[in-house]
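S.K.: Below you'll find run.cif; it's mmCIF, C-alpha atoms.
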```
data_work
loop_
_atom_site.label_atom_id
_atom_site.label_comp_id
_atom_site.auth_asym_id
_atom_site.auth_seq_id
_atom_site.Cartn_x
_atom_site.Cartn_y
_atom_site.Cartn_z
CA MET X 1 35.43 -7.82 29.04
CA TYR X 2 36.67 -11.25 30.14
CA GLY X 3 33.50 -12.98 29.00
CA LYS X 4 34.03 -12.05 25.36
CA GLY X 5 34.27 -15.19 23.24
CA LEU X 6 33.44 -17.50 26.15
CA LYS X 7 30.49 -19.13 24.39
CA PRO X 8 32.31 -20.24 21.20
CA LEU X 9 35.28 -21.28 23.31
CA SER X 10 33.03 -23.44 25.52
CA ILE X 11 31.43 -25.05 22.46
CA ALA X 12 34.86 -25.75 20.95
CA THR X 13 36.00 -27.27 24.25
CA VAL X 14 32.99 -29.59 24.53
CA ALA X 15 33.39 -30.64 20.86
CA MET X 16 37.10 -31.29 21.29
CA LEU X 17 36.58 -33.25 24.52
CA ALA X 18 33.93 -35.38 22.78
CA LEU X 19 36.26 -35.98 19.82
CA SER X 20 39.20 -36.89 22.00
CA LEU X 21 37.10 -39.31 24.11
CA SER X 22 35.81 -40.91 20.90
CA LEU X 23 39.37 -41.33 19.66
CA VAL X 24 40.53 -42.74 23.00
CA PHE X 25 37.88 -45.46 23.16
CA PHE X 26 37.05 -46.15 19.48
CA TYR X 27 40.20 -45.35 17.49
CA ALA X 28 43.41 -45.64 19.48
CA PRO X 29 44.73 -49.20 19.48
CA LEU X 30 45.22 -51.12 22.69
CA ASP X 31 48.73 -50.90 24.04
CA GLY X 32 50.63 -54.15 23.60
CA ASP X 33 52.20 -53.92 27.02
CA GLN X 34 49.57 -52.37 29.30
CA GLY X 35 46.39 -53.20 27.41
CA PHE X 36 43.22 -51.30 28.29
CA ILE X 37 44.79 -49.61 31.34
CA GLN X 38 46.87 -47.45 28.99
CA LYS X 39 43.69 -45.47 28.16
CA ILE X 40 44.34 -43.52 31.37
CA PHE X 41 47.42 -42.11 29.63
CA TYR X 42 45.21 -39.96 27.34
CA LEU X 43 43.71 -38.28 30.39
CA HIS X 44 46.56 -38.22 32.88
CA VAL X 45 49.43 -36.96 30.69
CA PRO X 46 47.57 -34.10 28.90
CA LEU X 47 46.25 -32.95 32.30
CA ALA X 48 49.79 -32.95 33.69
CA ILE X 49 51.27 -31.10 30.70
CA VAL X 50 48.52 -28.46 30.71
CA ALA X 51 48.81 -28.01 34.49
CA LEU X 52 52.57 -27.45 34.25
CA ILE X 53 52.20 -25.05 31.30
CA GLY X 54 49.49 -23.27 33.31
CA PHE X 55 51.91 -22.79 36.20
CA ILE X 56 54.47 -21.33 33.80
CA ALA X 57 51.77 -19.10 32.27
CA GLY X 58 50.96 -17.89 35.80
CA GLY X 59 54.61 -16.86 36.13
CA VAL X 60 54.59 -15.07 32.76
CA PHE X 61 51.44 -13.13 33.72
CA ALA X 62 53.08 -12.29 37.04
CA ILE X 63 56.08 -10.82 35.17
CA ALA X 64 53.64 -8.68 33.17
CA HIS X 65 52.05 -7.54 36.46
CA LEU X 66 55.39 -6.63 38.01
CA ARG X 67 56.42 -4.73 34.87
CA THR X 68 53.20 -2.79 34.34
CA ASN X 69 51.62 -2.81 37.83
CA ASP X 70 48.33 -3.53 36.07
CA ARG X 71 46.01 -5.57 38.34
CA LYS X 72 44.59 -7.35 35.31
CA TRP X 73 47.80 -9.40 35.00
CA ASP X 74 47.68 -10.33 38.66
CA ALA X 75 44.16 -11.67 38.13
CA TYR X 76 45.36 -13.67 35.10
CA SER X 77 48.27 -15.05 37.12
CA TYR X 78 46.07 -15.99 40.10
CA VAL X 79 43.42 -17.69 37.96
CA SER X 80 46.03 -19.56 35.87
CA ILE X 81 47.58 -20.98 39.02
CA HIS X 82 44.16 -21.71 40.53
CA ILE X 83 42.96 -23.75 37.54
CA SER X 84 46.35 -25.48 37.25
CA VAL X 85 46.14 -26.54 40.91
CA ILE X 86 42.71 -28.09 40.19
CA PHE X 87 44.22 -29.87 37.18
CA GLY X 88 47.07 -30.93 39.47
CA VAL X 89 44.60 -32.63 41.83
CA ALA X 90 43.20 -34.55 38.85
CA VAL X 91 46.74 -35.49 37.75
CA LEU X 92 47.63 -36.87 41.18
CA ILE X 93 44.42 -38.88 41.53
CA THR X 94 44.42 -40.31 37.98
CA GLY X 95 48.15 -41.02 38.32
CA ALA X 96 47.57 -42.90 41.56
CA ILE X 97 44.83 -44.98 39.92
CA TRP X 98 47.11 -45.76 36.97
CA ALA X 99 49.99 -46.62 39.32
CA LYS X 100 47.79 -48.97 41.32
CA ALA X 101 46.62 -50.73 38.16
CA SER X 102 50.08 -50.95 36.57
CA TRP X 103 52.49 -51.27 39.47
CA GLY X 104 50.22 -52.51 42.25
CA HIS X 105 50.85 -49.43 44.43
CA TRP X 106 48.92 -46.17 44.73
CA TRP X 107 52.16 -44.23 45.12
CA VAL X 108 55.85 -44.98 44.50
CA TRP X 109 58.18 -42.71 46.43
CA ASP X 110 61.35 -43.58 44.49
CA GLU X 111 59.84 -42.54 41.15
CA PRO X 112 61.22 -39.04 40.31
CA THR X 113 58.37 -38.01 37.97
CA LEU X 114 55.70 -38.63 40.58
CA VAL X 115 57.57 -37.07 43.47
CA SER X 116 58.65 -34.01 41.46
CA PHE X 117 55.07 -33.36 40.37
CA LEU X 118 53.93 -33.68 43.97
CA ILE X 119 56.61 -31.16 45.02
CA VAL X 120 55.47 -28.70 42.33
CA PHE X 121 51.83 -29.22 43.37
CA LEU X 122 52.58 -28.69 47.07
CA LEU X 123 54.63 -25.60 46.21
CA TYR X 124 51.62 -24.09 44.44
CA ALA X 125 49.28 -25.24 47.22
CA THR X 126 51.13 -22.78 49.47
CA TYR X 127 50.27 -19.94 47.04
CA TYR X 128 46.80 -19.47 48.59
CA PRO X 129 47.75 -19.13 52.28
CA PHE X 130 50.76 -17.03 51.25
CA ARG X 131 48.62 -14.69 49.17
CA TYR X 132 45.76 -14.31 51.63
CA ALA X 133 48.07 -13.84 54.62
CA ILE X 134 48.76 -10.34 53.24
CA GLU X 135 45.93 -7.88 53.79
CA ASP X 136 47.09 -4.93 51.75
CA ARG X 137 45.83 -5.58 48.20
CA ASP X 138 48.79 -4.02 46.39
CA ARG X 139 51.40 -5.82 48.49
CA GLN X 140 49.41 -9.02 48.16
CA ALA X 141 49.42 -8.78 44.38
CA ARG X 142 53.12 -7.88 44.26
CA TYR X 143 54.29 -10.64 46.62
CA ALA X 144 52.05 -13.20 44.90
CA SER X 145 53.58 -12.19 41.56
CA VAL X 146 57.10 -12.68 42.90
CA PHE X 147 56.05 -16.10 44.18
CA ALA X 148 54.47 -17.00 40.82
CA VAL X 149 57.61 -15.97 38.90
CA THR X 150 59.94 -17.93 41.20
CA ALA X 151 57.74 -21.02 41.27
CA GLY X 152 57.10 -20.74 37.52
CA ALA X 153 60.85 -20.79 36.87
CA PHE X 154 61.13 -23.87 39.09
CA VAL X 155 58.68 -25.87 36.92
CA PRO X 156 60.89 -26.29 33.78
CA LEU X 157 64.00 -26.75 35.93
CA ASN X 158 62.21 -29.49 37.80
CA PHE X 159 61.06 -31.07 34.54
CA MET X 160 64.61 -31.09 33.14
CA ALA X 161 66.01 -32.56 36.35
CA VAL X 162 63.52 -35.39 36.16
CA ARG X 163 64.30 -36.04 32.49
CA MET X 164 67.98 -36.30 33.34
CA ALA X 165 67.31 -38.70 36.20
CA GLN X 166 67.64 -42.35 35.32
CA SER X 167 64.26 -43.83 36.07
CA LEU X 168 63.48 -47.47 35.51
CA VAL X 169 59.77 -47.26 36.11
CA HIS X 170 58.03 -44.23 34.58
CA PRO X 171 57.52 -44.53 30.81
CA ARG X 172 59.07 -41.95 28.47
CA THR X 173 56.42 -41.17 25.96
CA PHE X 174 57.95 -39.18 23.13
CA ALA X 175 61.56 -40.26 22.96
CA THR X 176 62.07 -43.94 23.44
CA ALA X 177 64.70 -46.12 21.84
CA GLU X 178 61.88 -47.92 20.03
CA GLY X 179 60.71 -44.72 18.37
CA GLY X 180 57.85 -43.56 20.62
CA MET X 181 54.12 -43.95 20.07
CA PRO X 182 52.46 -45.27 16.91
CA GLY X 183 50.61 -42.74 14.74
CA GLU X 184 47.07 -43.51 15.96
CA MET X 185 48.11 -43.18 19.57
CA MET X 186 50.00 -39.96 18.87
CA LEU X 187 46.99 -38.45 17.06
CA THR X 188 44.70 -39.40 19.93
CA PHE X 189 47.14 -38.02 22.44
CA LEU X 190 47.50 -34.71 20.57
CA CYS X 191 43.70 -34.35 20.34
CA SER X 192 43.44 -35.01 24.09
CA LEU X 193 46.17 -32.44 24.72
CA VAL X 194 44.35 -29.81 22.64
CA ALA X 195 41.07 -30.67 24.42
CA MET X 196 42.68 -30.23 27.85
CA GLY X 197 44.31 -27.00 26.72
CA LEU X 198 40.94 -25.68 25.56
CA LEU X 199 39.32 -26.80 28.82
CA TRP X 200 41.98 -24.99 30.83
CA THR X 201 41.53 -21.81 28.74
CA THR X 202 37.73 -21.98 29.08
CA LEU X 203 37.88 -22.44 32.85
CA VAL X 204 40.38 -19.58 33.18
CA LYS X 205 38.12 -17.32 31.14
CA PHE X 206 35.05 -18.44 33.08
CA GLU X 207 36.74 -17.77 36.43
CA LEU X 208 38.04 -14.38 35.26
CA THR X 209 34.55 -13.41 34.06
CA ALA X 210 33.03 -14.38 37.42
CA LYS X 211 35.75 -12.51 39.30
CA SER X 212 35.31 -9.45 37.12
CA ALA X 213 31.52 -9.48 37.63
CA SER X 214 31.99 -9.89 41.39
CA GLY X 215 34.50 -7.03 41.43
CA GLN X 216 32.17 -4.75 39.48
CA VAL X 217 29.29 -5.49 41.89
CA LYS X 218 31.57 -4.73 44.86
CA ARG X 219 32.64 -1.45 43.27
CA LEU X 220 29.03 -0.55 42.67
CA ARG X 221 28.12 -1.43 46.25
CA ARG X 222 31.02 0.64 47.61
CA ALA X 223 29.93 3.55 45.45
CA LEU X 224 26.35 3.26 46.67
CA ASP X 225 27.36 2.82 50.30
CA ALA X 226 29.71 5.81 50.15
CA PRO X 227 28.56 8.96 51.99
CA VAL X 228 26.27 10.76 49.60
CA THR X 229 27.79 14.17 50.36
CA GLY X 230 31.38 12.94 50.19
CA GLY X 231 31.76 13.71 46.53
CA THR X 232 33.76 10.55 45.93
CA SER X 233 31.05 8.71 44.09
CA ARG X 234 29.48 9.62 40.80
CA ILE X 235 26.84 6.93 41.23
CA ALA X 236 25.38 7.81 44.63
CA PRO X 237 23.07 10.83 44.31
CA GLU X 238 23.36 13.78 46.66
CA VAL X 239 20.12 13.71 48.63
CA SER X 240 21.01 15.47 51.86
CA MET Z 1 41.94 -40.83 8.17
CA PRO Z 2 39.54 -43.34 6.61
CA GLU Z 3 39.62 -45.60 9.67
CA LEU Z 4 38.49 -42.76 11.89
CA ALA Z 5 35.49 -42.02 9.69
CA VAL Z 6 34.48 -45.66 9.83
CA LEU Z 7 35.13 -46.24 13.50
CA LEU Z 8 33.53 -43.18 15.07
CA PRO Z 9 29.90 -43.92 14.19
CA LEU Z 10 30.21 -47.48 15.48
CA GLY Z 11 28.98 -48.43 18.91
CA ALA Z 12 31.35 -48.37 21.87
CA PRO Z 13 33.21 -51.59 22.40
CA ALA Z 14 32.09 -53.14 25.66
CA LEU Z 15 34.36 -52.24 28.57
CA PRO Z 16 36.18 -55.36 29.61
CA LEU Z 17 34.77 -56.41 32.93
CA ASP Z 18 38.12 -57.19 34.43
CA GLU Z 19 40.30 -55.07 36.65
CA ALA Z 20 41.48 -52.76 33.85
CA GLY Z 21 37.97 -51.54 33.05
CA LYS Z 22 37.34 -50.57 36.67
CA TYR Z 23 40.53 -48.53 36.93
CA VAL Z 24 40.04 -46.76 33.59
CA ALA Z 25 36.42 -45.97 34.48
CA GLY Z 26 37.57 -44.77 37.90
CA ALA Z 27 40.13 -42.37 36.42
CA TYR Z 28 37.67 -40.84 33.95
CA VAL Z 29 34.93 -40.64 36.61
CA VAL Z 30 37.32 -38.77 38.93
CA PHE Z 31 37.97 -36.26 36.14
CA VAL Z 32 34.25 -35.77 35.47
CA VAL Z 33 33.46 -35.47 39.21
CA LEU Z 34 36.16 -32.81 39.66
CA LEU Z 35 34.76 -30.91 36.70
CA VAL Z 36 31.19 -31.14 38.04
CA VAL Z 37 32.31 -30.02 41.52
CA TYR Z 38 34.10 -27.03 39.96
CA VAL Z 39 31.04 -26.11 37.89
CA ALA Z 40 28.84 -26.43 41.01
CA ILE Z 41 31.14 -24.10 42.97
CA MET Z 42 31.12 -21.61 40.09
CA ALA Z 43 27.32 -21.85 39.91
CA ALA Z 44 27.14 -20.97 43.62
CA LYS Z 45 29.45 -17.99 42.99
CA VAL Z 46 27.31 -16.78 40.09
CA GLN Z 47 24.19 -17.09 42.28
CA ARG Z 48 25.93 -14.98 44.96
CA ILE Z 49 26.86 -12.34 42.38
CA GLU Z 50 23.26 -12.31 41.14
CA ARG Z 51 21.98 -11.85 44.72
CA GLU Z 52 24.45 -9.03 45.37
CA LEU Z 53 23.44 -7.40 42.11
CA ARG Z 54 19.78 -7.54 43.20
CA GLU Z 55 20.71 -5.92 46.53
CA VAL Z 56 22.69 -3.19 44.78
CA ALA Z 57 19.80 -2.60 42.39
CA ALA Z 58 17.44 -2.30 45.40
CA ILE Z 59 19.78 0.25 47.05
CA ALA Z 60 19.95 2.20 43.79
CA GLU Z 61 16.16 2.20 43.51
CA GLU Z 62 15.88 3.40 47.12
CA ARG Z 63 18.35 6.22 46.45
CA LYS Z 64 16.42 7.21 43.36
CA GLU Z 65 13.18 7.42 45.36
CA GLN Z 66 14.93 9.49 48.06
CA ARG Z 67 16.27 11.85 45.40
CA GLU Z 68 12.82 12.28 43.90
CA GLU Z 69 11.36 12.96 47.38
CA VAL Z 70 14.00 15.65 47.98
CA ARG Z 71 13.20 17.22 44.62
CA ALA Z 72 9.47 17.13 45.39
#
```
Before we go any further, please render this structure as structure tokens.
M.R.:
Amino acid sequence: MYGKGLKPLSIATVAMLALSLSLVFFYAPLDGDQGFIQKIFYLHVPLAIVALIGFIAGGVFAIAHLRTNDRKWDAYSYVSIHISVIFGVAVLITGAIWAKASWGHWWVWDEPTLVSFLIVFLLYATYYPFRYAIEDRDRQARYASVFAVTAGAFVPLNFMAVRMAQSLVHPRTFATAEGGMPGEMMLTFLCSLVAMGLLWTTLVKFELTAKSASGQVKRLRRALDAPVTGGTSRIAPEVS
Amino acid sequence: MPELAVLLPLGAPALPLDEAGKYVAGAYVVFVVLLVVYVAIMAAKVQRIERELREVAAIAEERKEQREEVRA
């Protein structure tokens, strides 16, 4: 069920990633201030935006789970957060590389954007131990959903707080006094953003498909391992 | 976008061999490595699912044989 449309989605993702990389290196002009280093922007920022939207999506799916009690939404929420955490790792590493090249430091503690993203990332890093500390599957899903909703609400609040903070270091991409990015850069950035969004969607779908297949095999195994005279399984034949 | 149509088929401009090139390459390599590691982990998961499926199929076959023996 989850694997439906995975193949065309994967092809679209690969094509979009190839297009965005072509635009980054062959089309987008060099930044007047940062020069070639600015090319990291087309990787780092879309990854960060998609990761944060993924965290919010995890919260939205969690709301659907709490409303309907359908385990499908819990799986969506878990996988959204899982893939966003992986994207978050990439954001932190690429950001550190960019910071080192631009500012001469791998990390700057008084930069609100960096620290707030780290806080959000660490918050979601606690999702796994929190979730798996609960053995009962229903309680686990319910508590994890509450966590995902709370943390998901924190993401936009955190974003707004950072925007309101007066930072002197981190660049503001879309709303500067000078009018933001030139057209070629904006087009390249938007293509990179779409490519990262597609990659996130593909990985979520891929993970859900694998989880679904694994779950089906486990169900089948449980059915086969069930006592054959118990009458609980329609798969295991009654041989005794 | 006429410029795009002209620029895309052209060869890649040589990466400047100064500091900037190293950092940009590093950032994109990190991204690719993370992606490859993820795909490798998923490949291991799929292999495990395939193995479990084989085991389940073997159990099912065994049950089928037992059922046929009982019938016989």
S.K.: For chain X, which residues have at least one atom within 7 Å of chain Z, if we go by all atoms listed in the file? Write them as a PDB file with C-alpha atoms, in the coordinates of the input, please.
M.R.:
```
ATOM      1  CA  SER X  22      35.810 -40.910  20.900  1.00  0.00           C
ATOM      2  CA  PHE X  26      37.050 -46.150  19.480  1.00  0.00           C
ATOM      3  CA  TYR X  27      40.200 -45.350  17.490  1.00  0.00           C
ATOM      4  CA  PHE X  36      43.220 -51.300  28.290  1.00  0.00           C
ATOM      5  CA  ILE X  37      44.790 -49.610  31.340  1.00  0.00           C
ATOM      6  CA  LYS X  39      43.690 -45.470  28.160  1.00  0.00           C
ATOM      7  CA  ILE X  40      44.340 -43.520  31.370  1.00  0.00           C
ATOM      8  CA  ALA X  90      43.200 -34.550  38.850  1.00  0.00           C
ATOM      9  CA  THR X  94      44.420 -40.310  37.980  1.00  0.00           C
ATOM     10  CA  ILE X  97      44.830 -44.980  39.920  1.00  0.00           C
ATOM     11  CA  ALA X 101      46.620 -50.730  38.160  1.00  0.00           C
ATOM     12  CA  ALA X 210      33.030 -14.380  37.420  1.00  0.00           C
ATOM     13  CA  SER X 214      31.990  -9.890  41.390  1.00  0.00           C
ATOM     14  CA  VAL X 217      29.290  -5.490  41.890  1.00  0.00           C
ATOM     15  CA  ARG X 221      28.120  -1.430  46.250  1.00  0.00           C
ATOM     16  CA  PRO X 237      23.070  10.830  44.310  1.00  0.00           C
ATOM     17  CA  VAL X 239      20.120  13.710  48.630  1.00  0.00           C
TER      18      VAL X 239
END
```
S.K.: Give me the residues near region 127-144 of chain X as a PyMOL selection string, where near means some atom within 9 Å (using all atoms listed in the file) and where sequence neighbours in that chain fewer than 2 positions away do not count.
M.R.: chain X and resi 62+65-66+69+71+74-75+77-78+81-82+123-125+146-149
S.K.: Kindly export the residues of the current selection with C-alpha atoms, as a PDB file, keeping the file's coordinate frame.
M.R.:
```pdb
ATOM      1  CA  ALA X  62      53.080 -12.290  37.040  1.00  0.00           C
ATOM      2  CA  HIS X  65      52.050  -7.540  36.460  1.00  0.00           C
ATOM      3  CA  LEU X  66      55.390  -6.630  38.010  1.00  0.00           C
ATOM      4  CA  ASN X  69      51.620  -2.810  37.830  1.00  0.00           C
ATOM      5  CA  ARG X  71      46.010  -5.570  38.340  1.00  0.00           C
ATOM      6  CA  ASP X  74      47.680 -10.330  38.660  1.00  0.00           C
ATOM      7  CA  ALA X  75      44.160 -11.670  38.130  1.00  0.00           C
ATOM      8  CA  SER X  77      48.270 -15.050  37.120  1.00  0.00           C
ATOM      9  CA  TYR X  78      46.070 -15.990  40.100  1.00  0.00           C
ATOM     10  CA  ILE X  81      47.580 -20.980  39.020  1.00  0.00           C
ATOM     11  CA  HIS X  82      44.160 -21.710  40.530  1.00  0.00           C
ATOM     12  CA  LEU X 123      54.630 -25.600  46.210  1.00  0.00           C
ATOM     13  CA  TYR X 124      51.620 -24.090  44.440  1.00  0.00           C
ATOM     14  CA  ALA X 125      49.280 -25.240  47.220  1.00  0.00           C
ATOM     15  CA  VAL X 146      57.100 -12.680  42.900  1.00  0.00           C
ATOM     16  CA  PHE X 147      56.050 -16.100  44.180  1.00  0.00           C
ATOM     17  CA  ALA X 148      54.470 -17.000  40.820  1.00  0.00           C
ATOM     18  CA  VAL X 149      57.610 -15.970  38.900  1.00  0.00           C
TER      19      VAL X 149
END
```
S.K.: To one decimal place, how far is CA of Ser20 (chain X) from CA of Leu187 (chain X) in Å?
M.R.: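 Going from CA of Ser20 (chain X) over to CA of Leu187 (chain X), I get 9.4 Å.
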S.K.: Exactly which residues make up the result of the PyMOL selection byres ((chain X and resi 104-108) around 12) on this file, given as a VMD selection string?
M.R.: (chain X and resid 92 to 103 109 to 116 118 167 169 to 170) or (chain Z and resid 19 23)
S.K.: Could you write out the selected residues, including C-alpha atoms, as a PDB file, in the frame of the given file?
M.R.:
```pdb
ATOM      1  CA  LEU X  92      47.630 -36.870  41.180  1.00  0.00           C
ATOM      2  CA  ILE X  93      44.420 -38.880  41.530  1.00  0.00           C
ATOM      3  CA  THR X  94      44.420 -40.310  37.980  1.00  0.00           C
ATOM      4  CA  GLY X  95      48.150 -41.020  38.320  1.00  0.00           C
ATOM      5  CA  ALA X  96      47.570 -42.900  41.560  1.00  0.00           C
ATOM      6  CA  ILE X  97      44.830 -44.980  39.920  1.00  0.00           C
ATOM      7  CA  TRP X  98      47.110 -45.760  36.970  1.00  0.00           C
ATOM      8  CA  ALA X  99      49.990 -46.620  39.320  1.00  0.00           C
ATOM      9  CA  LYS X 100      47.790 -48.970  41.320  1.00  0.00           C
ATOM     10  CA  ALA X 101      46.620 -50.730  38.160  1.00  0.00           C
ATOM     11  CA  SER X 102      50.080 -50.950  36.570  1.00  0.00           C
ATOM     12  CA  TRP X 103      52.490 -51.270  39.470  1.00  0.00           C
ATOM     13  CA  TRP X 109      58.180 -42.710  46.430  1.00  0.00           C
ATOM     14  CA  ASP X 110      61.350 -43.580  44.490  1.00  0.00           C
ATOM     15  CA  GLU X 111      59.840 -42.540  41.150  1.00  0.00           C
ATOM     16  CA  PRO X 112      61.220 -39.040  40.310  1.00  0.00           C
ATOM     17  CA  THR X 113      58.370 -38.010  37.970  1.00  0.00           C
ATOM     18  CA  LEU X 114      55.700 -38.630  40.580  1.00  0.00           C
ATOM     19  CA  VAL X 115      57.570 -37.070  43.470  1.00  0.00           C
ATOM     20  CA  SER X 116      58.650 -34.010  41.460  1.00  0.00           C
ATOM     21  CA  LEU X 118      53.930 -33.680  43.970  1.00  0.00           C
ATOM     22  CA  SER X 167      64.260 -43.830  36.070  1.00  0.00           C
ATOM     23  CA  VAL X 169      59.770 -47.260  36.110  1.00  0.00           C
ATOM     24  CA  HIS X 170      58.030 -44.230  34.580  1.00  0.00           C
TER      25      HIS X 170
ATOM     26  CA  GLU Z  19      40.300 -55.070  36.650  1.00  0.00           C
ATOM     27  CA  TYR Z  23      40.530 -48.530  36.930  1.00  0.00           C
TER      28      TYR Z  23
END
```
S.K.: One decimal, in Å: what's the spacing between CA of Leu9 (chain X) and CA of Leu198 (chain X)?
M.R.: 7.5 Å
S.K.: Quick one: distance from CA of Thr202 (chain X) to CA of Leu6 (chain X) in Å, one decimal?
M.R.: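 Between these atoms lies a distance of 6.9 Å.
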S.K.: List, as a PyMOL selection string, every residue that the PyMOL selection byres ((chain X and resi 153) around 12) selects in the file provided.
M.R.: chain X and resi 52-53+55-60+62-63+120+146-152+154-160
S.K.: Draw an axis-aligned box tight on the listed atoms of region 55-68 of chain X, then pad every side by 6 Å and write out centre and edge lengths in Å to one decimal as lines of an AutoDock Vina configuration file.
M.R.:
```
center_x = 53.7
center_y = -12.8
center_z = 35.1
size_x = 17.5
size_y = 32.0
size_z = 17.7
```
